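Each remark here refers to the structure printed beneath this line.
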There are 2 protein chains.
Amino acid sequence: MATRLDELPGRRCSIAGALDVVGDRWALLIVREVSLGAHRFSEILRGTGAPRERLTARLNALVGAGVLERREYSQNPPRADYHLTRSGLDLLPVLQALMQWGDRHVADTPPVELHHHGHRIAASWVCDVCGERIGRETERHVPDHSEPGHGPLPR
Amino acid sequence: MATRLDELPGRRCSIAGALDVVGDRWALLIVREVSLGAHRFSEILRGTGAPRERLTARLNALVGAGVLERREYSQNPPRADYHLTRSGLDLLPVLQALMQWGDRHVADTPPVELHHHGHRIAASWVCDVCGERIGRETERHVPDHSEPGHGPLPR
DNA sequence: ACTGGTTGGTTCGATATTCGAACCGGGTGC
DNA sequence: GCACCCGGTTCGAATATCGAACCAACCAGT
């Protein structure tokens with residue numbers, strides 16, 4: 001895991017930064033499990049299906065990245081569980097977006113449902129500024145880093 | 001890449017399905033590049049910073065998964081470029097969510113900005129059903145698969 | 001006291017993935 | 001002819017990931 005954005009290859013971009021923290025096979029599944037109430041090692045293990053050693057490594061990395069918080073709830077024997085930090089909670093929209101995409105383009109049936117107010121959620125991105133739905137027409141504005149000092153696209 | 005959701009380890013879930021398609025180090029960066037207008041191999045190569053052979057493999061996989069479409073624009077010499085399919089376009093909210101998280105929790109400065117109607121986007125998830133913003137209070141409804149036949153949490 | 005089970009890991013050796021760098025073949029510009 | 005671009009392949013080395021076994025500490029039952 002690179003600690004700084006500009007240590008990553010390719011375009012300097014916070015998507016790359018996010019993926020560097022959370023873009024491996026298990027990280028988001030771990031966040032999903034913890035958000036569903038699986039706080040203990042064995043619960044997360046079962047929920048994700050990750051190998052034990054991978055789980056240990058990813059849990060430590062996520063704690064180090066500030067996504068999870070490790071709480072020792074017993075010292076003898078040493079026992080800990082894991083909780084989402086603020087940063088981890090802020091990942092839930094990513095999960096929601098992935099789930100929506102998976103529901104539409106991968107899954108046979110959506111097995112985990114998100115509810116609020118008693119109905120199933122179907123969500124859209126809405127711009128806070130103008131209140132409009134964000135769709136394909138979004139203009140992507142890529143700042144031109146051709147002036148020296150920004151080093152955007154390492155060749 | 002598993003073709004069926006139930007070949008994946010852990011909880012049966014479309015998030016896992018989505019990550020199986022798009023959850024590796026380069027896939028979402030490739031989608032980002034294509035969405036930014038980088039359609040040719042060399043452009044995507046430079047934009048992502050991926051090794052050439054990885055890029056070839058991921059492009060093929062994404063085409064196979066229906067996220068990208070490969071268009072031959074010349075036969076002699078053989079030249080192709082890559083475009084987002086409907087499925088690929090539907091991934092943009094995932095990128096948006098990741099970017100927002102990266103901006104807040106990883107990046108120093110957000111270098112790529114999304115605009116529409118001339119202003120920078122700040123987005124929220126809004127439920128299509130009731131129009132309310134989706135926040136942390138969302139209730140997660142995990143269907144109980146304890147009855148036989150669903151096999152939810154392989155032990 | 002002995003047995004078996006649970007919990008949160010670590011260790012191991014085998015296998016799979018990923019890497020950068022070099023190469024390639026067709027085509028174009030000079 | 002010669003260099004260079006383009007979209008890849010090929011290579012061997014390095015790294016990550018895997019499942020399975022092991023472990024230390026504790027607890028509950030007998």
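Chain identifiers are assigned as A, B, and so on, following the order in which chains appear in the structure tokens; residues are numbered from 1 within each chain, and ligands are numbered from 1 in order of appearance.
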Define the interface residues of chain B facing chain C as those within 12 Å, counting only C-alpha atoms (C1' of nucleotides), and report them as an mmCIF file with all heavy atoms, in the first residue's frame.
data_model
loop_
_atom_site.group_PDB
_atom_site.id
_atom_site.type_symbol
_atom_site.label_atom_id
_atom_site.label_comp_id
_atom_site.auth_asym_id
_atom_site.auth_seq_id
_atom_site.Cartn_x
_atom_site.Cartn_y
_atom_site.Cartn_z
ATOM 1 N N ASP B 24 -10.384 -6.261 -9.042
ATOM 2 C CA ASP B 24 -8.939 -6.409 -8.991
ATOM 3 C C ASP B 24 -8.270 -5.050 -9.125
ATOM 4 O O ASP B 24 -8.920 -4.018 -9.267
ATOM 5 C CB ASP B 24 -8.455 -7.367 -10.083
ATOM 6 C CG ASP B 24 -8.108 -6.611 -11.324
ATOM 7 O OD1 ASP B 24 -9.000 -5.922 -11.827
ATOM 8 O OD2 ASP B 24 -6.950 -6.689 -11.784
ATOM 9 N N ARG B 25 -6.976 -5.078 -9.082
ATOM 10 C CA ARG B 25 -6.242 -3.814 -8.973
ATOM 11 C C ARG B 25 -6.473 -2.868 -10.142
ATOM 12 O O ARG B 25 -6.436 -1.655 -9.972
ATOM 13 C CB ARG B 25 -4.748 -4.131 -8.849
ATOM 14 C CG ARG B 25 -3.922 -2.902 -8.690
ATOM 15 C CD ARG B 25 -2.548 -3.198 -8.156
ATOM 16 N NE ARG B 25 -1.733 -2.003 -8.183
ATOM 17 C CZ ARG B 25 -0.417 -2.002 -8.116
ATOM 18 N NH1 ARG B 25 0.208 -3.150 -7.994
ATOM 19 N NH2 ARG B 25 0.255 -0.882 -8.149
ATOM 20 N N TRP B 26 -6.680 -3.400 -11.342
ATOM 21 C CA TRP B 26 -6.685 -2.520 -12.509
ATOM 22 C C TRP B 26 -8.053 -2.266 -13.115
ATOM 23 O O TRP B 26 -8.257 -1.244 -13.796
ATOM 24 C CB TRP B 26 -5.758 -3.092 -13.591
ATOM 25 C CG TRP B 26 -4.362 -3.302 -13.092
ATOM 26 C CD1 TRP B 26 -3.738 -4.500 -12.908
ATOM 27 C CD2 TRP B 26 -3.427 -2.299 -12.692
ATOM 28 N NE1 TRP B 26 -2.472 -4.300 -12.424
ATOM 29 C CE2 TRP B 26 -2.251 -2.955 -12.281
ATOM 30 C CE3 TRP B 26 -3.470 -0.903 -12.642
ATOM 31 C CZ2 TRP B 26 -1.122 -2.273 -11.825
ATOM 32 C CZ3 TRP B 26 -2.352 -0.222 -12.189
ATOM 33 C CH2 TRP B 26 -1.203 -0.899 -11.791
ATOM 34 N N GLY B 49 -1.047 2.981 -15.744
ATOM 35 C CA GLY B 49 0.259 2.563 -15.238
ATOM 36 C C GLY B 49 0.376 1.064 -15.065
ATOM 37 O O GLY B 49 1.325 0.577 -14.460
ATOM 38 N N ALA B 50 -0.586 0.319 -15.582
ATOM 39 C CA ALA B 50 -0.531 -1.139 -15.461
ATOM 40 C C ALA B 50 0.548 -1.714 -16.379
ATOM 41 O O ALA B 50 0.874 -1.113 -17.405
ATOM 42 C CB ALA B 50 -1.888 -1.734 -15.824
ATOM 43 N N PRO B 51 1.098 -2.858 -16.019
ATOM 44 C CA PRO B 51 2.004 -3.554 -16.936
ATOM 45 C C PRO B 51 1.246 -4.002 -18.183
ATOM 46 O O PRO B 51 0.064 -4.354 -18.111
ATOM 47 C CB PRO B 51 2.485 -4.766 -16.153
ATOM 48 C CG PRO B 51 1.943 -4.658 -14.794
ATOM 49 C CD PRO B 51 0.974 -3.545 -14.735
ATOM 50 N N ARG B 52 1.920 -3.993 -19.315
ATOM 51 C CA ARG B 52 1.251 -4.274 -20.591
ATOM 52 C C ARG B 52 0.486 -5.585 -20.574
ATOM 53 O O ARG B 52 -0.647 -5.670 -21.048
ATOM 54 C CB ARG B 52 2.290 -4.344 -21.711
ATOM 55 C CG ARG B 52 3.142 -3.117 -21.822
ATOM 56 C CD ARG B 52 4.235 -3.323 -22.874
ATOM 57 N NE ARG B 52 3.719 -3.149 -24.225
ATOM 58 C CZ ARG B 52 3.552 -1.964 -24.798
ATOM 59 N NH1 ARG B 52 3.836 -0.866 -24.123
ATOM 60 N NH2 ARG B 52 3.099 -1.881 -26.016
ATOM 61 N N GLU B 53 1.123 -6.605 -20.038
ATOM 62 C CA GLU B 53 0.506 -7.927 -20.111
ATOM 63 C C GLU B 53 -0.743 -7.982 -19.235
ATOM 64 O O GLU B 53 -1.750 -8.597 -19.591
ATOM 65 C CB GLU B 53 1.528 -8.978 -19.670
ATOM 66 C CG GLU B 53 1.007 -10.373 -19.608
ATOM 67 C CD GLU B 53 0.832 -10.818 -18.179
ATOM 68 O OE1 GLU B 53 1.482 -10.231 -17.279
ATOM 69 O OE2 GLU B 53 0.022 -11.739 -17.958
ATOM 70 N N ARG B 54 -0.680 -7.310 -18.074
ATOM 71 C CA ARG B 54 -1.857 -7.207 -17.207
ATOM 72 C C ARG B 54 -2.980 -6.485 -17.935
ATOM 73 O O ARG B 54 -4.132 -6.858 -17.882
ATOM 74 C CB ARG B 54 -1.526 -6.435 -15.937
ATOM 75 C CG ARG B 54 -0.800 -7.207 -14.862
ATOM 76 C CD ARG B 54 -1.597 -8.328 -14.287
ATOM 77 N NE ARG B 54 -1.509 -9.520 -15.094
ATOM 78 C CZ ARG B 54 -2.424 -10.483 -15.092
ATOM 79 N NH1 ARG B 54 -3.507 -10.363 -14.358
ATOM 80 N NH2 ARG B 54 -2.277 -11.542 -15.841
ATOM 81 N N LEU B 55 -2.601 -5.403 -18.612
ATOM 82 C CA LEU B 55 -3.617 -4.625 -19.304
ATOM 83 C C LEU B 55 -4.299 -5.474 -20.368
ATOM 84 O O LEU B 55 -5.534 -5.502 -20.448
ATOM 85 C CB LEU B 55 -2.988 -3.382 -19.928
ATOM 86 C CG LEU B 55 -3.982 -2.445 -20.595
ATOM 87 C CD1 LEU B 55 -5.086 -2.043 -19.630
ATOM 88 C CD2 LEU B 55 -3.283 -1.211 -21.130
ATOM 89 N N ALA B 57 -4.635 -8.659 -20.406
ATOM 90 C CA ALA B 57 -5.481 -9.650 -19.738
ATOM 91 C C ALA B 57 -6.755 -9.011 -19.206
ATOM 92 O O ALA B 57 -7.861 -9.539 -19.393
ATOM 93 C CB ALA B 57 -4.698 -10.315 -18.601
ATOM 94 N N SER B 74 -9.217 -0.858 -37.524
ATOM 95 C CA SER B 74 -8.331 -1.082 -38.664
ATOM 96 C C SER B 74 -7.967 -2.557 -38.693
ATOM 97 O O SER B 74 -7.736 -3.174 -37.652
ATOM 98 C CB SER B 74 -7.060 -0.224 -38.529
ATOM 99 O OG SER B 74 -5.953 -0.901 -39.102
ATOM 100 N N GLN B 75 -7.949 -3.118 -39.908
ATOM 101 C CA GLN B 75 -7.565 -4.521 -39.996
ATOM 102 C C GLN B 75 -6.105 -4.684 -40.387
ATOM 103 O O GLN B 75 -5.471 -5.650 -40.005
ATOM 104 C CB GLN B 75 -8.458 -5.265 -40.991
ATOM 105 C CG GLN B 75 -9.660 -5.879 -40.291
ATOM 106 C CD GLN B 75 -10.880 -5.928 -41.182
ATOM 107 O OE1 GLN B 75 -10.926 -5.255 -42.212
ATOM 108 N NE2 GLN B 75 -11.867 -6.701 -40.788
ATOM 109 N N ASN B 76 -5.626 -3.721 -41.136
ATOM 110 C CA ASN B 76 -4.240 -3.775 -41.563
ATOM 111 C C ASN B 76 -3.537 -2.450 -41.302
ATOM 112 O O ASN B 76 -3.723 -1.518 -42.060
ATOM 113 C CB ASN B 76 -4.171 -4.098 -43.066
ATOM 114 C CG ASN B 76 -3.546 -5.440 -43.313
ATOM 115 O OD1 ASN B 76 -3.466 -6.248 -42.415
ATOM 116 N ND2 ASN B 76 -3.088 -5.662 -44.525
ATOM 117 N N PRO B 77 -2.741 -2.378 -40.242
ATOM 118 C CA PRO B 77 -2.463 -3.393 -39.217
ATOM 119 C C PRO B 77 -3.657 -3.559 -38.275
ATOM 120 O O PRO B 77 -4.455 -2.632 -38.174
ATOM 121 C CB PRO B 77 -1.284 -2.784 -38.463
ATOM 122 C CG PRO B 77 -1.457 -1.325 -38.599
ATOM 123 C CD PRO B 77 -2.085 -1.099 -39.946
ATOM 124 N N PRO B 78 -3.752 -4.686 -37.576
ATOM 125 C CA PRO B 78 -4.890 -4.869 -36.681
ATOM 126 C C PRO B 78 -4.855 -3.882 -35.528
ATOM 127 O O PRO B 78 -3.913 -3.875 -34.741
ATOM 128 C CB PRO B 78 -4.695 -6.314 -36.179
ATOM 129 C CG PRO B 78 -3.261 -6.627 -36.407
ATOM 130 C CD PRO B 78 -2.853 -5.821 -37.599
ATOM 131 N N ARG B 79 -5.857 -3.054 -35.450
ATOM 132 C CA ARG B 79 -5.933 -2.045 -34.397
ATOM 133 C C ARG B 79 -7.337 -2.028 -33.817
ATOM 134 O O ARG B 79 -8.328 -2.039 -34.566
ATOM 135 C CB ARG B 79 -5.635 -0.647 -34.956
ATOM 136 C CG ARG B 79 -4.210 -0.430 -35.383
ATOM 137 C CD ARG B 79 -3.309 -0.287 -34.180
ATOM 138 N NE ARG B 79 -1.932 -0.110 -34.598
ATOM 139 C CZ ARG B 79 -1.098 -1.144 -34.777
ATOM 140 N NH1 ARG B 79 -1.520 -2.369 -34.595
ATOM 141 N NH2 ARG B 79 0.146 -0.918 -35.129
#
List every residue of chain D that has an atom at most 12 Å from any atom of chain B, giving for each one its closest atom pair and the distance in Å to one decimal, counting only C-alpha atoms (C1' of nucleotides), sorted by chain and then by ascending residue number, as JSON lines.
{"residue": "D:DC5", "atom": "C1'", "partner": "B:Ser42", "partner_atom": "CA", "distance": 10.1}
{"residue": "D:DC6", "atom": "C1'", "partner": "B:Ser42", "partner_atom": "CA", "distance": 7.6}
{"residue": "D:DG7", "atom": "C1'", "partner": "B:Phe41", "partner_atom": "CA", "distance": 6.7}
{"residue": "D:DG8", "atom": "C1'", "partner": "B:Thr56", "partner_atom": "CA", "distance": 7.6}
{"residue": "D:DT9", "atom": "C1'", "partner": "B:Glu53", "partner_atom": "CA", "distance": 8.0}
{"residue": "D:DT10", "atom": "C1'", "partner": "B:Glu53", "partner_atom": "CA", "distance": 9.8}
{"residue": "D:DC11", "atom": "C1'", "partner": "B:Glu53", "partner_atom": "CA", "distance": 11.8}
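For the pair atom CA of B:Val106 and atom CA of A:Ala27, the interatomic distance is 15.4 Å.
Across the structure, atom CA of A:Val63 and atom C1' of D:DA21 are spaced 27.4 Å apart.
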For this session: Using DSSP on the backbone coordinates, identify the residues of stretch 54-83 of chain A assigned to strand (DSSP E); present them as number ranges by chain.
Result: A: 68-74, 79-83
Seminar exercise, completed: One residue among A:Tyr82, A:Arg71, A:Cys13, A:Ile30 is nearest to B:Trp101 when using only C-alpha atoms, and that residue is A:Cys13
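Here atom CA of B:Arg11 stands at a distance of 6.1 Å from atom CA of A:Thr48.
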